[in-house]
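Asker: Just one file: query.cif, with mmCIF, C-alpha atoms.
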```
data_query
loop_
_atom_site.label_atom_id
_atom_site.label_comp_id
_atom_site.auth_asym_id
_atom_site.auth_seq_id
_atom_site.Cartn_x
_atom_site.Cartn_y
_atom_site.Cartn_z
CA MET A 9 -97.19 -25.49 -66.73
CA GLN A 10 -93.97 -27.48 -66.41
CA GLU A 11 -91.32 -26.41 -68.91
CA ARG A 12 -89.50 -29.11 -70.87
CA THR A 13 -87.62 -29.33 -74.16
CA ILE A 14 -88.27 -31.70 -77.03
CA ASP A 15 -85.48 -33.07 -79.21
CA LEU A 16 -86.18 -32.80 -82.98
CA THR A 17 -82.64 -33.45 -84.22
CA ASP A 18 -83.42 -36.59 -86.27
CA ILE A 19 -86.43 -35.09 -88.08
CA VAL A 20 -84.65 -31.79 -88.75
CA GLU A 21 -81.52 -33.48 -90.10
CA GLN A 22 -83.58 -35.64 -92.45
CA GLU A 23 -85.37 -32.52 -93.72
CA ARG A 24 -82.07 -30.70 -94.30
CA VAL A 25 -80.54 -33.62 -96.20
CA LYS A 26 -83.64 -34.00 -98.36
CA ARG A 27 -83.76 -30.28 -99.23
CA ALA A 28 -80.04 -30.12 -100.02
CA ALA A 29 -80.31 -33.19 -102.28
CA ALA A 30 -83.22 -31.56 -104.14
CA VAL A 31 -81.14 -28.43 -104.75
CA ARG A 32 -78.18 -30.42 -106.12
CA ALA A 33 -80.44 -32.50 -108.36
CA ALA A 34 -82.13 -29.38 -109.76
CA PHE A 35 -78.78 -27.70 -110.41
CA GLU A 36 -77.43 -30.75 -112.23
CA ASP A 37 -80.63 -30.91 -114.26
CA ILE A 38 -80.15 -27.28 -115.35
CA MET A 39 -76.51 -27.90 -116.31
CA GLY A 40 -77.52 -30.99 -118.30
CA TRP A 41 -80.26 -29.04 -120.10
CA LEU A 42 -77.79 -26.26 -121.01
CA THR A 43 -75.43 -28.73 -122.66
CA LYS A 44 -78.09 -30.87 -124.35
CA GLY A 45 -81.68 -29.67 -124.66
CA GLY A 46 -81.03 -25.93 -124.72
CA VAL A 47 -78.27 -25.94 -127.30
CA GLU A 48 -80.52 -26.03 -130.37
CA GLN A 49 -82.91 -23.32 -129.17
CA PRO A 50 -82.75 -19.63 -130.14
CA LEU A 51 -81.48 -17.20 -127.54
CA HIS A 52 -84.85 -15.74 -126.57
CA ARG A 53 -86.43 -19.17 -126.01
CA MET A 54 -83.38 -20.35 -124.07
CA GLU A 55 -83.58 -17.25 -121.84
CA ARG A 56 -87.26 -17.79 -121.16
CA GLU A 57 -86.89 -21.45 -120.24
CA LEU A 58 -83.71 -20.80 -118.26
CA HIS A 59 -85.52 -18.12 -116.24
CA GLU A 60 -88.28 -20.59 -115.36
CA ARG A 61 -85.76 -23.23 -114.32
CA LEU A 62 -83.78 -20.74 -112.24
CA MET A 63 -86.94 -19.62 -110.46
CA GLY A 64 -87.63 -23.25 -109.57
CA LEU A 65 -84.04 -23.64 -108.36
CA GLY A 66 -84.39 -20.51 -106.25
CA LEU A 67 -87.55 -21.92 -104.68
CA LEU A 68 -85.72 -25.11 -103.74
CA MET A 69 -82.83 -23.10 -102.29
CA VAL A 70 -85.26 -21.08 -100.15
CA ALA A 71 -86.74 -24.35 -98.89
CA SER A 72 -83.23 -25.59 -98.05
CA TRP A 73 -82.52 -22.34 -96.20
CA LEU A 74 -85.73 -22.76 -94.20
CA ALA A 75 -84.64 -26.28 -93.25
CA THR A 76 -81.34 -24.94 -91.90
CA ARG A 77 -83.28 -22.44 -89.74
CA LEU A 78 -85.39 -25.16 -88.11
CA PRO A 79 -84.49 -25.55 -84.40
CA THR A 80 -83.29 -28.96 -83.22
CA ARG A 81 -84.77 -28.45 -79.73
CA VAL A 82 -88.02 -26.66 -78.89
CA ASN A 83 -89.85 -25.87 -75.68
CA GLY A 84 -92.68 -28.21 -74.78
CA ALA A 85 -94.79 -25.31 -73.47
CA LEU A 86 -95.04 -21.71 -74.60
CA ARG A 87 -96.85 -18.68 -73.24
CA LYS A 88 -98.27 -15.98 -75.51
CA GLY A 89 -100.27 -13.18 -73.92
CA ARG A 90 -102.97 -14.71 -71.73
CA GLY A 91 -102.73 -18.21 -73.22
CA TRP A 92 -100.58 -21.28 -72.65
CA TYR A 93 -99.61 -23.42 -75.62
CA ALA A 94 -98.28 -26.97 -75.86
CA PHE A 95 -96.05 -28.27 -78.62
CA GLU A 96 -97.98 -30.39 -81.11
CA ASP A 97 -95.75 -31.37 -84.03
CA LEU A 98 -93.70 -30.16 -87.00
CA ALA A 99 -96.58 -29.17 -89.26
CA THR A 100 -96.51 -28.22 -92.94
CA ALA A 101 -97.05 -24.54 -93.71
CA VAL A 102 -97.19 -22.45 -96.89
CA LEU A 103 -94.72 -19.63 -97.57
CA ARG A 104 -94.90 -17.11 -100.41
CA CYS A 105 -91.65 -15.57 -101.62
CA ARG A 106 -90.28 -13.86 -104.73
CA TYR A 107 -89.58 -17.23 -106.37
CA GLY A 108 -93.05 -18.68 -105.84
CA LYS A 109 -95.05 -20.61 -103.25
CA LEU A 110 -93.60 -23.53 -101.29
CA ARG A 111 -94.40 -25.80 -98.35
CA HIS A 112 -92.06 -26.24 -95.41
CA LEU A 113 -92.01 -27.63 -91.87
CA GLN A 114 -92.40 -25.46 -88.80
CA PRO A 115 -92.99 -26.11 -85.06
CA THR A 116 -96.66 -25.71 -84.16
CA TYR A 117 -98.26 -25.12 -80.76
CA THR A 118 -101.91 -25.53 -79.77
CA LEU A 119 -103.83 -23.61 -77.11
CA VAL A 120 -104.41 -25.61 -73.93
CA HIS A 121 -105.28 -22.89 -71.40
CA GLY A 122 -106.29 -19.25 -71.37
CA LYS A 123 -107.28 -17.01 -74.28
CA GLY A 124 -105.56 -16.57 -77.62
CA PRO A 125 -105.35 -18.04 -81.13
CA ALA A 126 -106.08 -21.75 -81.40
CA VAL A 127 -102.76 -22.45 -83.18
CA LEU A 128 -99.47 -20.61 -82.76
CA SER A 129 -96.20 -20.86 -84.70
CA PRO A 130 -93.29 -18.63 -83.61
CA PHE A 131 -91.17 -19.81 -86.56
CA GLY A 132 -92.61 -17.07 -88.80
CA CYS A 133 -91.32 -14.35 -86.47
CA LEU A 134 -87.95 -16.13 -86.27
CA ILE A 135 -87.37 -15.95 -90.05
CA GLY A 136 -88.97 -12.48 -90.45
CA LEU A 137 -92.16 -13.48 -92.27
CA ALA A 138 -94.54 -10.65 -93.16
CA ALA A 139 -98.35 -10.64 -93.12
CA GLY A 140 -100.16 -13.11 -95.35
CA ARG A 141 -97.25 -15.57 -94.92
CA MET A 142 -95.32 -13.57 -97.53
CA SER A 143 -91.73 -12.44 -97.47
CA LEU A 144 -91.06 -8.77 -96.88
CA GLU A 145 -89.53 -8.58 -100.37
CA VAL A 146 -92.93 -9.44 -101.87
CA HIS A 147 -94.52 -6.67 -99.80
CA LEU A 148 -91.93 -4.11 -100.83
CA MET A 149 -92.12 -5.01 -104.52
CA ALA A 150 -95.93 -4.89 -104.54
CA ALA A 151 -95.99 -1.56 -102.70
CA TYR A 152 -93.37 -0.06 -105.03
CA LEU A 153 -95.22 -1.13 -108.18
CA ALA A 154 -98.56 0.01 -106.73
CA THR A 155 -97.18 3.53 -106.33
CA LYS A 156 -96.02 3.55 -109.96
CA LEU A 157 -98.93 1.76 -111.66
CA VAL A 158 -102.59 0.97 -111.15
CA PHE A 159 -103.32 -2.25 -109.27
CA ASP A 160 -104.22 -4.35 -112.31
CA ASP A 161 -101.05 -3.34 -114.17
CA CYS A 162 -99.07 -3.88 -110.98
CA LEU A 163 -100.11 -7.53 -110.88
CA ASP A 164 -99.35 -7.99 -114.57
CA VAL A 165 -95.83 -6.56 -114.15
CA MET A 166 -95.16 -8.79 -111.13
CA GLY A 167 -96.35 -11.78 -113.13
CA LEU A 168 -93.66 -11.15 -115.76
CA SER A 169 -90.99 -12.04 -113.20
CA GLY A 170 -92.36 -15.57 -112.97
CA GLY A 171 -92.53 -15.59 -109.17
CA TYR A 172 -95.38 -15.29 -106.71
CA VAL A 173 -98.08 -12.73 -107.58
CA PRO A 174 -100.40 -11.67 -104.72
CA SER A 175 -104.06 -11.05 -105.31
CA LYS A 176 -105.52 -7.57 -105.81
CA ARG A 177 -107.01 -7.66 -102.32
CA ALA A 178 -103.61 -8.60 -100.87
CA VAL A 179 -101.95 -5.69 -102.71
CA LEU A 180 -104.51 -3.30 -101.23
CA GLY A 181 -103.74 -4.68 -97.77
CA ILE A 182 -100.00 -4.33 -98.35
CA VAL A 183 -100.37 -0.69 -99.39
CA ASP A 184 -102.60 0.06 -96.37
CA GLN A 185 -100.09 -1.62 -94.05
CA LEU A 186 -96.94 -0.01 -95.42
CA GLY A 187 -98.56 3.39 -96.01
CA PRO A 188 -98.20 4.68 -92.42
CA GLN A 189 -94.57 3.51 -92.31
CA ALA A 190 -93.84 5.28 -95.59
CA SER A 191 -95.59 8.45 -94.42
CA MET A 192 -93.39 8.58 -91.30
CA PHE A 193 -90.33 8.28 -93.51
CA LEU A 194 -91.55 11.03 -95.85
CA ASP A 195 -92.42 13.36 -92.97
CA ASP A 196 -88.85 13.13 -91.68
CA MET A 197 -87.34 14.07 -95.04
CA PRO A 198 -85.73 17.54 -95.14
CA ALA A 199 -87.05 20.34 -97.32
CA PRO A 200 -85.62 20.66 -100.86
CA LEU A 201 -82.60 22.93 -101.15
CA ASP A 202 -83.52 24.61 -104.46
CA ASP A 203 -87.14 25.39 -103.63
CA GLY A 204 -89.10 28.30 -105.12
CA GLU A 205 -90.14 31.60 -103.54
CA ILE A 206 -93.95 31.16 -103.77
CA LEU A 207 -95.60 28.31 -101.87
CA PHE A 208 -98.83 26.78 -103.22
CA ILE A 209 -101.19 24.54 -101.25
CA GLN A 210 -104.04 22.96 -103.23
CA VAL A 211 -106.74 20.71 -101.70
CA ASP A 212 -109.65 18.87 -103.25
CA GLY A 213 -111.84 15.83 -102.62
CA LYS A 214 -112.19 12.77 -104.82
CA GLY A 215 -114.52 9.82 -104.61
CA ALA A 216 -113.39 6.21 -105.09
CA PRO A 217 -116.31 4.44 -106.84
CA MET A 218 -117.99 1.74 -104.76
CA ILE A 219 -121.07 -0.42 -105.03
CA CYS A 220 -123.30 -1.88 -102.33
CA PRO A 221 -123.23 -5.65 -101.54
CA GLU A 222 -126.64 -6.16 -103.13
CA GLU A 223 -125.50 -4.62 -106.43
CA HIS A 224 -122.28 -6.65 -106.32
CA ALA A 225 -124.23 -9.88 -105.78
CA LEU A 226 -126.52 -8.99 -108.70
CA ARG A 227 -123.58 -8.38 -111.01
CA CYS A 228 -121.99 -11.69 -110.01
CA THR A 229 -125.05 -13.74 -111.03
CA PRO A 230 -124.57 -15.53 -114.35
CA HIS A 231 -126.55 -14.30 -117.33
CA THR A 232 -129.39 -16.55 -118.42
CA LYS A 233 -130.89 -16.80 -121.84
CA ARG A 234 -134.20 -15.07 -122.43
CA PRO A 235 -137.05 -17.59 -122.39
CA ARG A 236 -138.62 -18.32 -125.73
CA GLY A 237 -141.56 -16.06 -126.37
CA GLN A 238 -140.44 -13.39 -123.89
CA SER A 239 -139.63 -10.03 -125.37
CA GLN A 240 -136.64 -7.94 -124.43
CA ARG A 241 -138.87 -5.40 -122.72
CA GLU A 242 -140.48 -8.08 -120.55
CA ARG A 243 -137.08 -9.43 -119.57
CA ARG A 244 -135.90 -5.93 -118.66
CA ARG A 245 -138.93 -5.47 -116.43
CA TRP A 246 -138.24 -8.83 -114.80
CA ARG A 247 -134.63 -7.82 -114.06
CA ARG A 248 -135.81 -4.54 -112.56
CA ARG A 249 -138.14 -6.44 -110.23
CA GLN A 250 -135.22 -8.69 -109.21
CA LYS A 251 -133.00 -5.72 -108.48
CA GLN A 252 -135.52 -4.10 -106.11
CA THR A 253 -133.99 -0.65 -106.21
CA VAL A 254 -134.90 1.93 -103.58
CA ARG A 255 -135.57 5.43 -104.81
CA LYS A 256 -133.37 8.14 -103.33
CA LYS A 257 -135.03 10.58 -101.01
CA LYS A 258 -134.43 14.30 -100.80
CA GLY A 259 -131.06 14.93 -99.20
CA ASP A 260 -129.58 11.52 -100.02
CA LYS A 261 -126.14 11.46 -101.56
CA SER A 262 -126.14 10.98 -105.32
CA LYS A 263 -122.67 9.42 -105.38
CA ASN A 264 -121.97 6.02 -103.92
CA ALA A 265 -118.27 6.52 -103.31
CA ARG A 266 -115.73 6.56 -100.54
CA MET A 267 -114.42 10.09 -100.44
CA ALA A 268 -110.70 10.78 -100.24
CA THR A 269 -109.12 14.16 -99.53
CA VAL A 270 -106.07 14.95 -101.65
CA GLY A 271 -103.62 17.81 -101.17
CA VAL A 272 -100.73 19.07 -103.31
CA VAL A 273 -97.82 21.18 -102.06
CA TYR A 274 -95.41 22.80 -104.53
CA THR A 275 -93.54 26.05 -105.12
CA LEU A 276 -93.05 28.53 -107.97
CA ARG A 277 -89.82 30.34 -108.77
CA ARG A 278 -89.51 33.89 -110.15
CA LEU A 279 -86.96 34.14 -112.95
CA PRO A 280 -84.85 37.27 -113.68
CA ASP A 281 -86.92 38.11 -116.77
CA GLY A 282 -90.12 38.33 -114.68
CA THR A 283 -91.63 34.99 -115.68
CA ILE A 284 -92.59 32.29 -113.20
CA GLU A 285 -91.28 28.72 -113.31
CA GLY A 286 -93.00 25.75 -111.74
CA PRO A 287 -94.40 23.66 -110.22
CA ILE A 288 -91.20 22.75 -108.35
CA HIS A 289 -90.86 19.73 -106.04
CA LYS A 290 -94.52 18.82 -106.20
CA ARG A 291 -95.69 16.44 -103.48
CA VAL A 292 -99.13 14.80 -103.42
CA ILE A 293 -100.67 13.66 -100.13
CA GLY A 294 -104.00 11.83 -99.87
CA THR A 295 -105.98 10.06 -97.18
CA PHE A 296 -109.38 8.45 -96.55
CA GLU A 297 -109.32 9.46 -92.85
CA GLY A 298 -110.81 12.92 -93.36
CA SER A 299 -109.76 16.46 -94.14
CA ARG A 300 -108.39 17.24 -90.66
CA VAL A 301 -105.84 14.42 -90.86
CA LEU A 302 -104.78 15.62 -94.30
CA PHE A 303 -104.44 19.25 -93.18
CA ARG A 304 -102.21 18.23 -90.28
CA ARG A 305 -99.82 16.58 -92.71
CA LEU A 306 -100.05 19.49 -95.12
CA ALA A 307 -99.25 21.91 -92.28
CA ARG A 308 -96.10 19.96 -91.38
CA GLU A 309 -95.01 19.90 -95.00
CA ALA A 310 -95.83 23.60 -95.50
CA ARG A 311 -93.85 24.69 -92.42
CA LYS A 312 -90.95 22.65 -93.69
CA ARG A 313 -91.18 24.38 -97.09
CA GLY A 314 -91.28 27.91 -95.59
CA TYR A 315 -94.89 28.67 -94.61
CA GLY A 316 -94.98 31.81 -92.49
CA THR A 317 -92.00 33.42 -94.24
CA LYS A 318 -92.78 32.73 -97.89
CA GLU A 319 -95.64 34.10 -99.94
CA THR A 320 -98.28 31.35 -99.69
CA VAL A 321 -101.41 30.73 -101.76
CA PHE A 322 -104.20 28.36 -100.69
CA LEU A 323 -106.18 27.01 -103.66
CA ALA A 324 -109.44 25.05 -103.29
CA ASP A 325 -112.97 24.76 -104.62
CA GLY A 326 -116.15 25.98 -102.94
CA ALA A 327 -116.41 23.21 -100.31
CA THR A 328 -117.12 24.94 -96.99
CA HIS A 329 -115.20 22.45 -94.83
CA LEU A 330 -112.00 23.12 -96.79
CA TRP A 331 -112.23 26.84 -96.06
CA THR A 332 -112.90 26.07 -92.40
CA MET A 333 -109.69 24.07 -92.35
CA TRP A 334 -107.91 26.96 -94.14
CA LYS A 335 -108.82 29.39 -91.35
CA GLU A 336 -107.54 26.94 -88.76
CA PHE A 337 -104.32 25.68 -90.36
CA PHE A 338 -103.27 28.29 -92.97
CA PRO A 339 -104.56 31.73 -91.86
CA LYS A 340 -101.48 33.49 -93.30
CA ALA A 341 -102.05 32.05 -96.79
CA THR A 342 -103.83 34.03 -99.48
CA PRO A 343 -107.14 32.30 -100.32
CA CYS A 344 -107.82 31.61 -103.98
CA LEU A 345 -110.90 29.99 -105.51
CA ASP A 346 -110.24 27.44 -108.24
CA TRP A 347 -111.34 28.93 -111.57
CA TYR A 348 -112.21 25.62 -113.20
CA HIS A 349 -114.49 24.62 -110.32
CA LEU A 350 -116.13 28.01 -110.49
CA CYS A 351 -116.87 27.54 -114.21
CA GLU A 352 -118.15 24.01 -113.58
CA TYR A 353 -120.62 24.83 -110.81
CA SER A 354 -121.72 28.38 -111.60
CA PRO A 355 -124.62 28.42 -114.13
CA ARG A 356 -123.84 31.97 -115.32
CA VAL A 357 -120.11 31.53 -115.92
CA SER A 358 -118.44 29.52 -118.68
CA LEU A 359 -114.87 29.10 -119.75
CA ARG A 360 -114.31 30.32 -123.31
CA ARG A 361 -110.73 29.12 -123.57
CA CYS A 362 -108.92 26.56 -121.47
CA GLY A 363 -105.85 28.79 -121.19
CA GLY A 364 -107.37 31.35 -118.81
CA GLY A 365 -110.15 32.64 -121.07
CA ARG A 366 -112.51 35.47 -120.09
CA ALA A 367 -115.68 34.67 -118.21
CA HIS A 368 -118.94 35.94 -119.63
CA GLU A 369 -122.56 35.71 -118.59
CA GLN A 370 -124.82 33.41 -120.52
CA PRO A 371 -128.39 34.48 -121.19
CA ARG A 372 -131.02 32.54 -119.36
#
```
Show me, as structure tokens, the structure contained in the file I just sent.

Answerer:
Amino acid sequence: MQERTIDLTDIVEQERVKRAAAVRAAFEDIMGWLTKGGVEQPLHRMERELHERLMGLGLLMVASWLATRLPTRVNGALRKGRGWYAFEDLATAVLRCRYGKLRHLQPTYTLVHGKGPAVLSPFGCLIGLAAGRMSLEVHLMAAYLATKLVFDDCLDVMGLSGGYVPSKRAVLGIVDQLGPQASMFLDDMPAPLDDGEILFIQVDGKGAPMICPEEHALRCTPHTKRPRGQSQRERRRWRRRQKQTVRKKKGDKSKNARMATVGVVYTLRRLPDGTIEGPIHKRVIGTFEGSRVLFRRLAREARKRGYGTKETVFLADGATHLWTMWKEFFPKATPCLDWYHLCEYSPRVSLRRCGGGRAHEQPR
């Protein structure tokens, strides 16, 4: 395709002037409110309203910054992978930043030959836009809060700032996307300087509760009132017929969950009086990719913390695949069966006291 450039100077200049005028008008409006409308209010109400107005001003300033980044000349044709694209127009797009959600102009290309997306806009890569048309600051804030809180509380805390709050599904995607990058950073961190003399490696599995699509669709149906003359038992039977459950067969899993493998690495320190202090520098590693992926990461962390030279203890429950991984990755570690799992699964052993009580046999 023949390459040519298209001049967008007039449209871009009009957009820049309009955005700059909106910023000045919003700033003057805030200054006028401070000297007139906000004078009679208490401090806490003034702070709350001022925060909302400043968030709106920040959104307008981001829009003005985007207008300054618009190119005045663009290529008429663009190649991306195996497709050729032709310039269509300055289209309106949505951007999500810390101050909220706004609309701005960006050059848009359409596919005319080859294979690729139907519409392409390189302006997002130019300004450093992250996935979901969000700023990287939104991704980093969501990922940071998700590591400190549960997802629902994470969204509530982000909502207190008054800016854009991603959905729960978007937060899950952000964590999944930034998780590998964070793991690479954590793997490169050096070992702690004041670590203990005894290394502990503990592994266990945990299931994240899930439901099938049929059960989810049933729970999403609105509740209807019981028809007049129908008893509660009859309605319960009718709902059971609607659900159409399938009985589990022998050998089927009883838990409908996505299993995650979690490992903990920490050390213990011997004090001069003979007591033991710990855990020290505890690090928790988990993954949904399987036990082998987890054990590879645990082996890197254990070698960094002194595995092979330190006294090492491997602690796990009775799962056979965990002990297979122990023989492969930690053969020098002393195996230790978790006492609480033993008391939970063994029918003849019970725990008399939580603080390391004696085990005794129960009569049948």

Asker: Using the chain letters and numbers from the file, which residues does the PyMOL selection byres ((chain A and resi 275) around 12) grab, as a ChimeraX atom specification?

Answerer: /A:199-200,202-210,272-274,276-278,284-291,309-310,313-315,318-322

Asker: Restricting the calculation to only C-alpha atoms, which member of A:Arg141, A:Arg236, A:Arg87, A:Lys176 is positioned closest to Lys109 in chain A?

Answerer: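 Comparing A:Arg141, A:Arg236, A:Arg87, A:Lys176 against Lys109 in chain A, the winner is A:Arg141.
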
Asker: Please measure the separation of CA of Leu42 in chain A and CA of Leu62 in chain A, giving the value in Å to one decimal.

Answerer: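 These two atoms are separated by 12.0 Å.
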
Asker: Could you tell me how far CA of Glu23 in chain A lies from CA of Trp73 in chain A, in Å and to one decimal?

Answerer: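 CA of Trp73 in chain A lies 10.9 Å from CA of Glu23 in chain A.
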
Asker: Using all atoms listed in the file, pick whichever of A:Leu78, A:Gly271, A:Leu86, A:Gly171 has the shortest atom-to-atom distance to Leu110 in chain A.

Answerer: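 Nearest candidate to Leu110 in chain A out of A:Leu78, A:Gly271, A:Leu86, A:Gly171: A:Gly171.
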